[in-house]
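File shown here: target_8.cif, holding mmCIF, C-alpha atoms.
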data_run
loop_
_atom_site.label_atom_id
_atom_site.label_comp_id
_atom_site.auth_asym_id
_atom_site.auth_seq_id
_atom_site.Cartn_x
_atom_site.Cartn_y
_atom_site.Cartn_z
CA MET A 1 -4.29 4.30 -73.30
CA THR A 2 -5.12 0.83 -71.97
CA ARG A 3 -8.01 0.63 -69.51
CA ILE A 4 -7.41 -1.90 -66.73
CA VAL A 5 -9.55 -3.50 -64.07
CA PHE A 6 -7.08 -4.46 -61.35
CA TRP A 7 -7.71 -7.60 -59.27
CA GLY A 8 -5.64 -8.02 -56.09
CA SER A 9 -5.70 -8.09 -52.30
CA PRO A 10 -2.41 -8.06 -50.28
CA ALA A 11 0.20 -5.36 -49.72
CA LEU A 12 2.33 -6.42 -52.69
CA SER A 13 -0.65 -5.96 -54.99
CA ALA A 14 -1.41 -2.57 -53.44
CA ALA A 15 2.17 -1.40 -54.05
CA PHE A 16 1.99 -2.36 -57.73
CA LEU A 17 -1.43 -0.73 -58.09
CA GLU A 18 0.00 2.50 -56.72
CA GLU A 19 3.02 2.27 -59.08
CA LEU A 20 0.78 1.91 -62.13
CA TYR A 21 -1.61 4.64 -61.04
CA LEU A 22 0.97 7.27 -60.09
CA ASN A 23 3.88 6.65 -62.45
CA HIS A 24 2.40 5.08 -65.61
CA ARG A 25 -0.87 6.91 -66.10
CA ASP A 26 0.26 7.97 -69.59
CA LYS A 27 -0.10 4.33 -70.69
CA PHE A 28 -2.62 2.78 -68.28
CA CYS A 29 -5.92 3.89 -66.77
CA ILE A 30 -7.12 1.92 -63.74
CA THR A 31 -10.91 2.09 -64.09
CA ALA A 32 -11.76 -0.15 -61.12
CA CYS A 33 -10.32 -2.53 -58.52
CA VAL A 34 -11.69 -5.89 -57.43
CA THR A 35 -10.52 -7.22 -54.06
CA GLN A 36 -11.50 -9.55 -51.24
CA PRO A 37 -14.37 -8.52 -48.94
CA GLU A 38 -13.60 -7.06 -45.54
CA LYS A 39 -12.59 -9.64 -42.94
CA GLU A 40 -13.66 -9.78 -39.34
CA ILE A 41 -10.78 -9.41 -36.87
CA ARG A 42 -11.47 -11.01 -33.48
CA ARG A 43 -8.94 -9.05 -31.47
CA GLN A 44 -9.70 -6.35 -28.91
CA GLY A 45 -13.38 -6.64 -29.70
CA LYS A 46 -14.87 -7.39 -33.09
CA SER A 47 -13.80 -5.18 -35.97
CA ARG A 48 -13.48 -5.42 -39.73
CA ALA A 49 -10.37 -4.95 -41.85
CA GLN A 50 -10.10 -4.02 -45.51
CA SER A 51 -7.57 -5.61 -47.83
CA ALA A 52 -4.47 -3.55 -48.63
CA VAL A 53 -5.72 -3.06 -52.21
CA HIS A 54 -9.09 -1.84 -50.93
CA SER A 55 -7.44 0.77 -48.73
CA LYS A 56 -5.00 1.88 -51.43
CA ALA A 57 -7.64 2.12 -54.17
CA THR A 58 -9.88 4.17 -51.89
CA SER A 59 -7.04 6.58 -51.13
CA LEU A 60 -6.36 6.95 -54.87
CA GLY A 61 -10.02 7.53 -55.70
CA ILE A 62 -10.43 4.32 -57.72
CA PRO A 63 -13.82 2.54 -57.61
CA VAL A 64 -13.61 -0.67 -55.51
CA PHE A 65 -15.68 -3.85 -55.78
CA THR A 66 -15.66 -6.58 -53.12
CA PRO A 67 -17.92 -9.36 -54.44
CA ASN A 68 -18.61 -12.26 -52.10
CA SER A 69 -19.05 -14.48 -55.13
CA LEU A 70 -18.08 -14.21 -58.78
CA LYS A 71 -21.19 -16.19 -59.68
CA ASP A 72 -23.33 -13.08 -59.22
CA SER A 73 -24.72 -12.37 -62.69
CA THR A 74 -24.91 -8.63 -62.00
CA PHE A 75 -21.20 -8.18 -61.22
CA LEU A 76 -19.64 -8.35 -64.69
CA PRO A 77 -22.08 -5.74 -66.06
CA GLN A 78 -20.99 -3.44 -63.22
CA LEU A 79 -17.37 -3.77 -64.35
CA THR A 80 -18.39 -3.28 -67.96
CA ALA A 81 -19.96 0.03 -66.99
CA CYS A 82 -16.55 1.14 -65.66
CA GLY A 83 -14.90 0.25 -68.97
CA PHE A 84 -11.93 -2.06 -69.55
CA ASP A 85 -9.54 -3.36 -72.18
CA LEU A 86 -7.94 -6.00 -69.99
CA PHE A 87 -8.09 -7.54 -66.54
CA LEU A 88 -4.85 -7.64 -64.54
CA VAL A 89 -4.72 -10.12 -61.65
CA LEU A 90 -2.07 -10.05 -58.93
CA ALA A 91 -2.75 -12.19 -55.84
CA TYR A 92 -6.51 -11.65 -55.88
CA GLY A 93 -7.24 -14.82 -53.94
CA LYS A 94 -10.01 -16.39 -56.02
CA ILE A 95 -10.14 -18.19 -59.36
CA LEU A 96 -11.84 -16.19 -62.11
CA PRO A 97 -14.58 -18.09 -64.02
CA GLN A 98 -14.09 -18.51 -67.75
CA HIS A 99 -16.66 -15.86 -68.73
CA PHE A 100 -14.58 -13.28 -66.83
CA LEU A 101 -11.40 -14.41 -68.62
CA ASP A 102 -13.18 -14.03 -71.96
CA ALA A 103 -14.71 -10.59 -71.27
CA PRO A 104 -11.83 -8.10 -71.89
CA PRO A 105 -10.82 -7.43 -75.52
CA LEU A 106 -7.13 -7.80 -74.58
CA GLY A 107 -7.75 -10.74 -72.28
CA ALA A 108 -7.08 -11.42 -68.61
CA LEU A 109 -3.44 -11.35 -67.48
CA ASN A 110 -1.77 -12.52 -64.29
CA PHE A 111 1.57 -11.77 -62.64
CA HIS A 112 2.85 -15.00 -61.06
CA ALA A 113 5.85 -15.03 -58.71
CA SER A 114 7.92 -17.73 -60.41
CA LEU A 115 9.54 -18.55 -63.72
CA LEU A 116 6.73 -20.63 -65.14
CA PRO A 117 6.23 -23.47 -65.76
CA LEU A 118 8.16 -23.94 -62.48
CA LEU A 119 6.25 -23.55 -59.22
CA ARG A 120 2.68 -23.17 -60.37
CA GLY A 121 0.44 -22.63 -57.37
CA ALA A 122 -0.03 -20.65 -54.17
CA SER A 123 3.43 -20.27 -52.58
CA PRO A 124 6.14 -19.92 -55.25
CA ILE A 125 8.36 -17.56 -53.22
CA GLU A 126 8.56 -19.96 -50.27
CA HIS A 127 9.06 -23.02 -52.45
CA ALA A 128 11.85 -21.42 -54.45
CA LEU A 129 13.75 -21.33 -51.14
CA LEU A 130 12.55 -24.73 -49.97
CA TYR A 131 13.96 -26.31 -53.14
CA GLY A 132 17.20 -24.34 -52.91
CA LEU A 133 16.77 -22.51 -56.24
CA ARG A 134 19.36 -19.89 -57.16
CA GLU A 135 16.99 -17.81 -59.27
CA THR A 136 13.32 -16.98 -59.52
CA GLY A 137 11.34 -14.11 -61.02
CA TRP A 138 7.99 -12.91 -62.30
CA THR A 139 5.97 -14.29 -65.18
CA LEU A 140 3.29 -12.23 -66.89
CA GLN A 141 0.92 -14.80 -68.38
CA ARG A 142 -2.39 -14.98 -70.15
CA MET A 143 -4.85 -16.54 -67.75
CA ALA A 144 -6.21 -19.97 -68.67
CA ALA A 145 -8.69 -22.39 -67.13
CA GLU A 146 -5.84 -24.58 -65.81
CA LEU A 147 -3.95 -23.05 -62.87
CA ASP A 148 -0.94 -20.95 -63.98
CA ALA A 149 -0.83 -22.74 -67.34
CA GLY A 150 -1.40 -19.74 -69.61
CA ASP A 151 0.86 -18.50 -72.39
CA ILE A 152 3.96 -16.62 -71.24
CA ILE A 153 4.04 -12.94 -72.24
CA ALA A 154 7.24 -11.84 -70.46
CA GLN A 155 9.50 -12.81 -67.57
CA SER A 156 11.89 -11.04 -65.22
CA HIS A 157 14.71 -12.61 -63.20
CA VAL A 158 15.56 -12.30 -59.51
CA PRO A 159 18.74 -13.92 -58.08
CA ILE A 160 18.40 -15.77 -54.77
CA ALA A 161 21.23 -15.40 -52.26
CA ASP A 162 22.21 -18.28 -50.00
CA THR A 163 21.16 -16.21 -46.99
CA ASP A 164 17.78 -15.08 -48.36
CA THR A 165 14.67 -15.94 -46.40
CA ALA A 166 11.06 -15.62 -47.51
CA GLY A 167 11.06 -12.16 -45.95
CA THR A 168 14.10 -10.85 -47.84
CA LEU A 169 13.16 -12.58 -51.09
CA TYR A 170 9.68 -11.06 -50.89
CA GLN A 171 11.28 -7.60 -50.77
CA LYS A 172 13.51 -8.43 -53.75
CA MET A 173 10.49 -9.66 -55.69
CA LEU A 174 8.52 -6.53 -54.86
CA HIS A 175 11.37 -4.26 -55.98
CA ASN A 176 11.71 -6.23 -59.22
CA LEU A 177 7.97 -6.12 -59.90
CA LEU A 178 7.81 -2.35 -59.45
CA ALA A 179 10.79 -1.92 -61.79
CA GLU A 180 9.98 -4.50 -64.48
CA GLY A 181 6.24 -5.13 -64.23
CA PRO A 182 4.99 -1.96 -65.95
CA TRP A 183 7.41 -2.50 -68.84
CA MET A 184 6.26 -6.14 -69.24
CA LEU A 185 2.64 -5.00 -69.24
CA GLU A 186 3.30 -2.21 -71.73
CA GLN A 187 5.01 -4.63 -74.13
CA TYR A 188 1.83 -6.68 -74.23
CA ALA A 189 -0.61 -3.78 -74.46
CA SER A 190 1.35 -2.26 -77.35
CA GLY A 191 1.48 -5.55 -79.26
CA ARG A 192 5.28 -5.89 -79.04
CA ALA A 193 5.43 -8.90 -76.70
CA VAL A 194 6.52 -12.27 -78.12
CA VAL A 195 4.00 -14.62 -76.53
CA ARG A 196 4.95 -18.29 -76.16
CA THR A 197 3.31 -21.45 -74.93
CA GLN A 198 4.53 -22.97 -71.68
CA GLU A 199 6.45 -26.24 -71.76
CA HIS A 200 3.83 -28.04 -69.75
CA HIS A 201 5.88 -31.23 -69.29
CA LEU A 202 8.33 -29.21 -67.17
CA ALA A 203 5.67 -27.91 -64.78
CA THR A 204 6.10 -28.20 -61.02
CA TYR A 205 3.52 -27.32 -58.39
CA CYS A 206 3.33 -25.86 -54.89
CA GLY A 207 0.41 -25.61 -52.48
CA LYS A 208 -0.35 -23.23 -49.65
CA ILE A 209 2.13 -22.98 -46.77
CA ARG A 210 0.63 -24.20 -43.50
CA ALA A 211 2.02 -23.59 -40.01
CA GLU A 212 2.23 -27.31 -39.19
CA GLN A 213 4.59 -27.79 -42.14
CA GLY A 214 7.21 -25.87 -40.16
CA LEU A 215 8.08 -29.04 -38.21
CA LEU A 216 11.76 -29.86 -38.81
CA ASP A 217 13.19 -33.32 -39.48
CA PHE A 218 16.86 -33.38 -38.44
CA SER A 219 17.43 -36.76 -40.08
CA LYS A 220 17.56 -34.82 -43.34
CA PRO A 221 20.78 -33.19 -44.65
CA ALA A 222 21.74 -29.82 -43.15
CA GLY A 223 21.14 -28.06 -46.47
CA GLN A 224 17.52 -29.23 -46.60
CA VAL A 225 16.87 -28.24 -42.98
CA ARG A 226 18.45 -24.86 -43.65
CA ASN A 227 16.28 -24.32 -46.74
CA HIS A 228 13.20 -25.31 -44.73
CA PHE A 229 14.00 -22.54 -42.26
CA ARG A 230 14.65 -20.02 -45.03
CA ALA A 231 11.30 -20.80 -46.69
CA PHE A 232 9.34 -20.47 -43.43
CA SER A 233 11.07 -17.34 -42.10
CA PRO A 234 9.78 -15.02 -40.78
CA ARG A 235 6.35 -16.69 -40.99
CA PRO A 236 5.02 -19.13 -40.04
CA GLY A 237 8.38 -20.23 -38.60
CA VAL A 238 10.02 -23.63 -38.02
CA PHE A 239 9.93 -25.69 -34.87
CA ALA A 240 10.92 -28.95 -33.18
CA PHE A 241 10.35 -30.54 -29.76
CA PHE A 242 12.71 -30.20 -26.81
CA ARG A 243 12.00 -32.39 -23.78
CA GLY A 244 8.46 -32.81 -25.11
CA GLN A 245 7.92 -29.07 -25.47
CA LYS A 246 7.45 -27.24 -28.77
CA VAL A 247 10.21 -24.74 -29.48
CA LYS A 248 10.57 -22.40 -32.46
CA LEU A 249 14.05 -22.05 -33.95
CA GLU A 250 16.01 -19.49 -35.91
CA PHE A 251 19.32 -20.47 -37.47
CA ASP A 252 22.38 -18.32 -38.05
CA LEU A 253 22.55 -18.23 -41.86
CA GLN A 254 25.91 -16.44 -41.82
CA LYS A 255 27.72 -19.45 -40.31
CA PRO A 256 28.47 -22.52 -42.46
CA PRO A 257 27.43 -25.92 -41.09
CA LEU A 258 29.77 -27.59 -38.59
CA ALA A 259 31.12 -31.13 -39.12
CA THR A 260 29.96 -33.52 -36.40
CA ASP A 261 29.71 -37.23 -35.60
CA ARG A 262 26.71 -36.77 -33.27
CA THR A 263 23.32 -38.36 -33.88
CA ALA A 264 20.77 -36.32 -35.86
CA GLY A 265 18.88 -33.97 -33.54
CA SER A 266 21.62 -33.85 -30.92
CA LEU A 267 22.29 -30.43 -29.40
CA ILE A 268 25.96 -29.48 -29.59
CA ARG A 269 27.89 -26.77 -27.78
CA PRO A 270 31.07 -26.29 -29.85
CA GLU A 271 32.15 -23.35 -27.67
CA LYS A 272 30.84 -21.34 -24.73
CA GLY A 273 27.45 -19.79 -25.39
CA VAL A 274 27.14 -21.36 -28.85
CA LEU A 275 24.50 -23.95 -29.76
CA ALA A 276 24.11 -26.13 -32.84
CA VAL A 277 21.94 -29.09 -33.84
CA ALA A 278 23.20 -32.15 -35.71
CA CYS A 279 21.59 -33.14 -39.01
CA GLY A 280 21.48 -36.43 -40.88
CA ASP A 281 24.49 -35.84 -43.10
CA GLY A 282 27.08 -35.33 -40.36
CA ARG A 283 26.79 -31.56 -40.30
CA ALA A 284 25.29 -29.28 -37.67
CA LEU A 285 23.47 -25.96 -38.03
CA PHE A 286 24.14 -23.07 -35.66
CA ILE A 287 21.07 -21.89 -33.73
CA ALA A 288 20.64 -18.14 -33.24
CA THR A 289 17.47 -17.98 -31.13
CA LEU A 290 14.96 -20.36 -29.59
CA THR A 291 11.37 -19.63 -28.53
CA PRO A 292 9.89 -22.21 -26.14
CA GLU A 293 6.12 -22.41 -26.30
CA GLY A 294 4.54 -19.62 -24.29
CA LYS A 295 7.81 -17.73 -23.81
CA ARG A 296 9.72 -14.95 -25.56
CA PRO A 297 12.57 -15.57 -28.03
CA MET A 298 15.93 -16.06 -26.34
CA PRO A 299 19.52 -16.19 -27.63
CA ALA A 300 21.26 -19.56 -27.55
CA LEU A 301 23.31 -18.58 -24.48
CA ASP A 302 20.20 -17.78 -22.44
CA PHE A 303 18.60 -21.06 -23.52
CA ILE A 304 21.71 -23.05 -22.54
CA ASN A 305 21.84 -21.45 -19.10
CA GLY A 306 18.10 -21.37 -18.45
CA TYR A 307 17.48 -25.01 -19.32
CA ARG A 308 20.83 -26.30 -17.96
CA LEU A 309 21.54 -28.28 -21.11
CA ARG A 310 22.96 -31.78 -20.82
CA ASP A 311 24.99 -33.73 -23.36
CA THR A 312 22.01 -36.03 -23.92
CA ASP A 313 19.59 -33.23 -24.90
CA PHE A 314 18.22 -33.23 -28.41
CA LEU A 315 15.58 -31.77 -30.71
CA GLY A 316 12.95 -34.20 -31.95
CA SER A 317 10.19 -34.17 -34.54
CA HIS A 318 7.45 -35.42 -32.22
CA PRO A 319 6.37 -34.43 -28.70
CA SER A 320 6.59 -38.08 -27.60
CA ASN A 321 10.36 -37.88 -28.17
CA ARG A 322 10.67 -36.83 -24.55
CA GLY A 323 13.85 -36.49 -22.60
CA PRO A 324 13.70 -35.72 -18.88
CA VAL A 325 11.03 -33.21 -17.87
CA SER A 326 12.26 -29.72 -18.68
CA THR A 327 13.59 -27.43 -15.98
CA GLU A 328 11.62 -24.21 -15.55
CA LEU A 329 13.41 -21.06 -16.59
CA PRO A 330 14.43 -18.70 -13.79
CA SER A 331 11.88 -15.92 -13.26
CA SER A 332 14.45 -13.38 -14.47
CA MET A 333 14.31 -14.97 -17.93
#
Written form, structure tokens:
Amino acid sequence: MTRIVFWGSPALSAAFLEELYLNHRDKFCITACVTQPEKEIRRQGKSRAQSAVHSKATSLGIPVFTPNSLKDSTFLPQLTACGFDLFLVLAYGKILPQHFLDAPPLGALNFHASLLPLLRGASPIEHALLYGLRETGWTLQRMAAELDAGDIIAQSHVPIADTDTAGTLYQKMLHNLLAEGPWMLEQYASGRAVVRTQEHHLATYCGKIRAEQGLLDFSKPAGQVRNHFRAFSPRPGVFAFFRGQKVKLEFDLQKPPLATDRTAGSLIRPEKGVLAVACGDGRALFIATLTPEGKRPMPALDFINGYRLRDTDFLGSHPSNRGPVSTELPSSM
């Protein structure tokens, strides 16, 4: 039986921890979990929140460690006292120093949510959509000093549908990890995995997703704008500016783009109650809902009626792209 110290923090990591602990205890023994410290939540008075892995490990009776720093010289001996053959890292949130990577007899492994060497970095699920990829998957790799550059132990494959968003792809990735991850890990622990070096010259990279990156540029082709929305949905969302006001947008992914000769950013009403926005390649995307700043989401029809849209209205990429001052919505809206 392989003894594992599990390193992780978010809900996805907690789900995989539970899968290993409950359904694969004949092969793996989780001796301890390492996760992020509790965070202070400044809502409805001050309170503190545990990570999803912390909560799950506690419910399963697994010892939990929440070090503020991995430079503490007393921490590794504490893990050693728990016993381990390998470290398994899944979205822990911090980089492990080299002496931690070297400590386990079977090494330190990481599940990364892309088909390495593609999309090394912090947001591979979102960037797979942003780049319009048709397939992604999980890579189980040996951890190395360079980010996501370790040897590949095994990979799984997840198809990406044209209508997938980050939310739906996340669920597909989770389902695939729960189904394939334990098998990939067992292949390595049993010595049956065929480990190979990454083709480093093919590597691509992706950083963290930030809310301000949700700003849309309608001068780009409709496909790129659509992929931008898919990558940022449901969070942090995409937005543009209407009459100088920030407005969040959701597109109807079931409808194909509409041919148009209107200028990029122009708002189009192809039929009653329907709203679309022109993009830079002569195609327009259908808008499902709009959320003006400080207001609730509203269907396109309500937005059209509430703001009394004119043929000159448009969506811009900067608040200074102002049309006439916006009309206030009726109080019933």
Point to revise | Chain and number of each residue from the PyMOL selection byres ((chain A and resi 308-323) around 10), as a PyMOL selection string | key: chain A and resi 215-219+239-247+263-269+277-278+302-307+324-329
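Take CA of Phe16 (chain A) and CA of Leu178 (chain A): the distance between them is 6.1 Å.
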What do you get, as a PDB file with C-alpha atoms, in the coordinates of the input, if you spell out every residue that the PyMOL selection byres ((chain A and resi 154) around 9) selects here?
ATOM      1  CA  TRP A 138       7.990 -12.910 -62.300  1.00  0.00           C
ATOM      2  CA  THR A 139       5.970 -14.290 -65.180  1.00  0.00           C
ATOM      3  CA  LEU A 140       3.290 -12.230 -66.890  1.00  0.00           C
ATOM      4  CA  GLN A 141       0.920 -14.800 -68.380  1.00  0.00           C
ATOM      5  CA  ILE A 152       3.960 -16.620 -71.240  1.00  0.00           C
ATOM      6  CA  ILE A 153       4.040 -12.940 -72.240  1.00  0.00           C
ATOM      7  CA  GLN A 155       9.500 -12.810 -67.570  1.00  0.00           C
ATOM      8  CA  SER A 156      11.890 -11.040 -65.220  1.00  0.00           C
ATOM      9  CA  MET A 184       6.260  -6.140 -69.240  1.00  0.00           C
ATOM     10  CA  LEU A 185       2.640  -5.000 -69.240  1.00  0.00           C
ATOM     11  CA  GLN A 187       5.010  -4.630 -74.130  1.00  0.00           C
ATOM     12  CA  TYR A 188       1.830  -6.680 -74.230  1.00  0.00           C
ATOM     13  CA  ALA A 193       5.430  -8.900 -76.700  1.00  0.00           C
ATOM     14  CA  VAL A 194       6.520 -12.270 -78.120  1.00  0.00           C
ATOM     15  CA  VAL A 195       4.000 -14.620 -76.530  1.00  0.00           C
ATOM     16  CA  ARG A 196       4.950 -18.290 -76.160  1.00  0.00           C
TER      17      ARG A 196
END
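With all atoms listed in the file as the atoms that count, the residue of A:Ala166, A:Ala14, A:Phe111, A:Ile125 with the shortest distance to Arg142 (chain A) is A:Phe111.
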Check your understanding: Which residue out of A:Leu79, A:Leu118, A:Met173, A:Ala144 has the minimum interatomic distance to Asp102 (chain A) when all atoms listed in the file are used?
Key -> A:Ala144
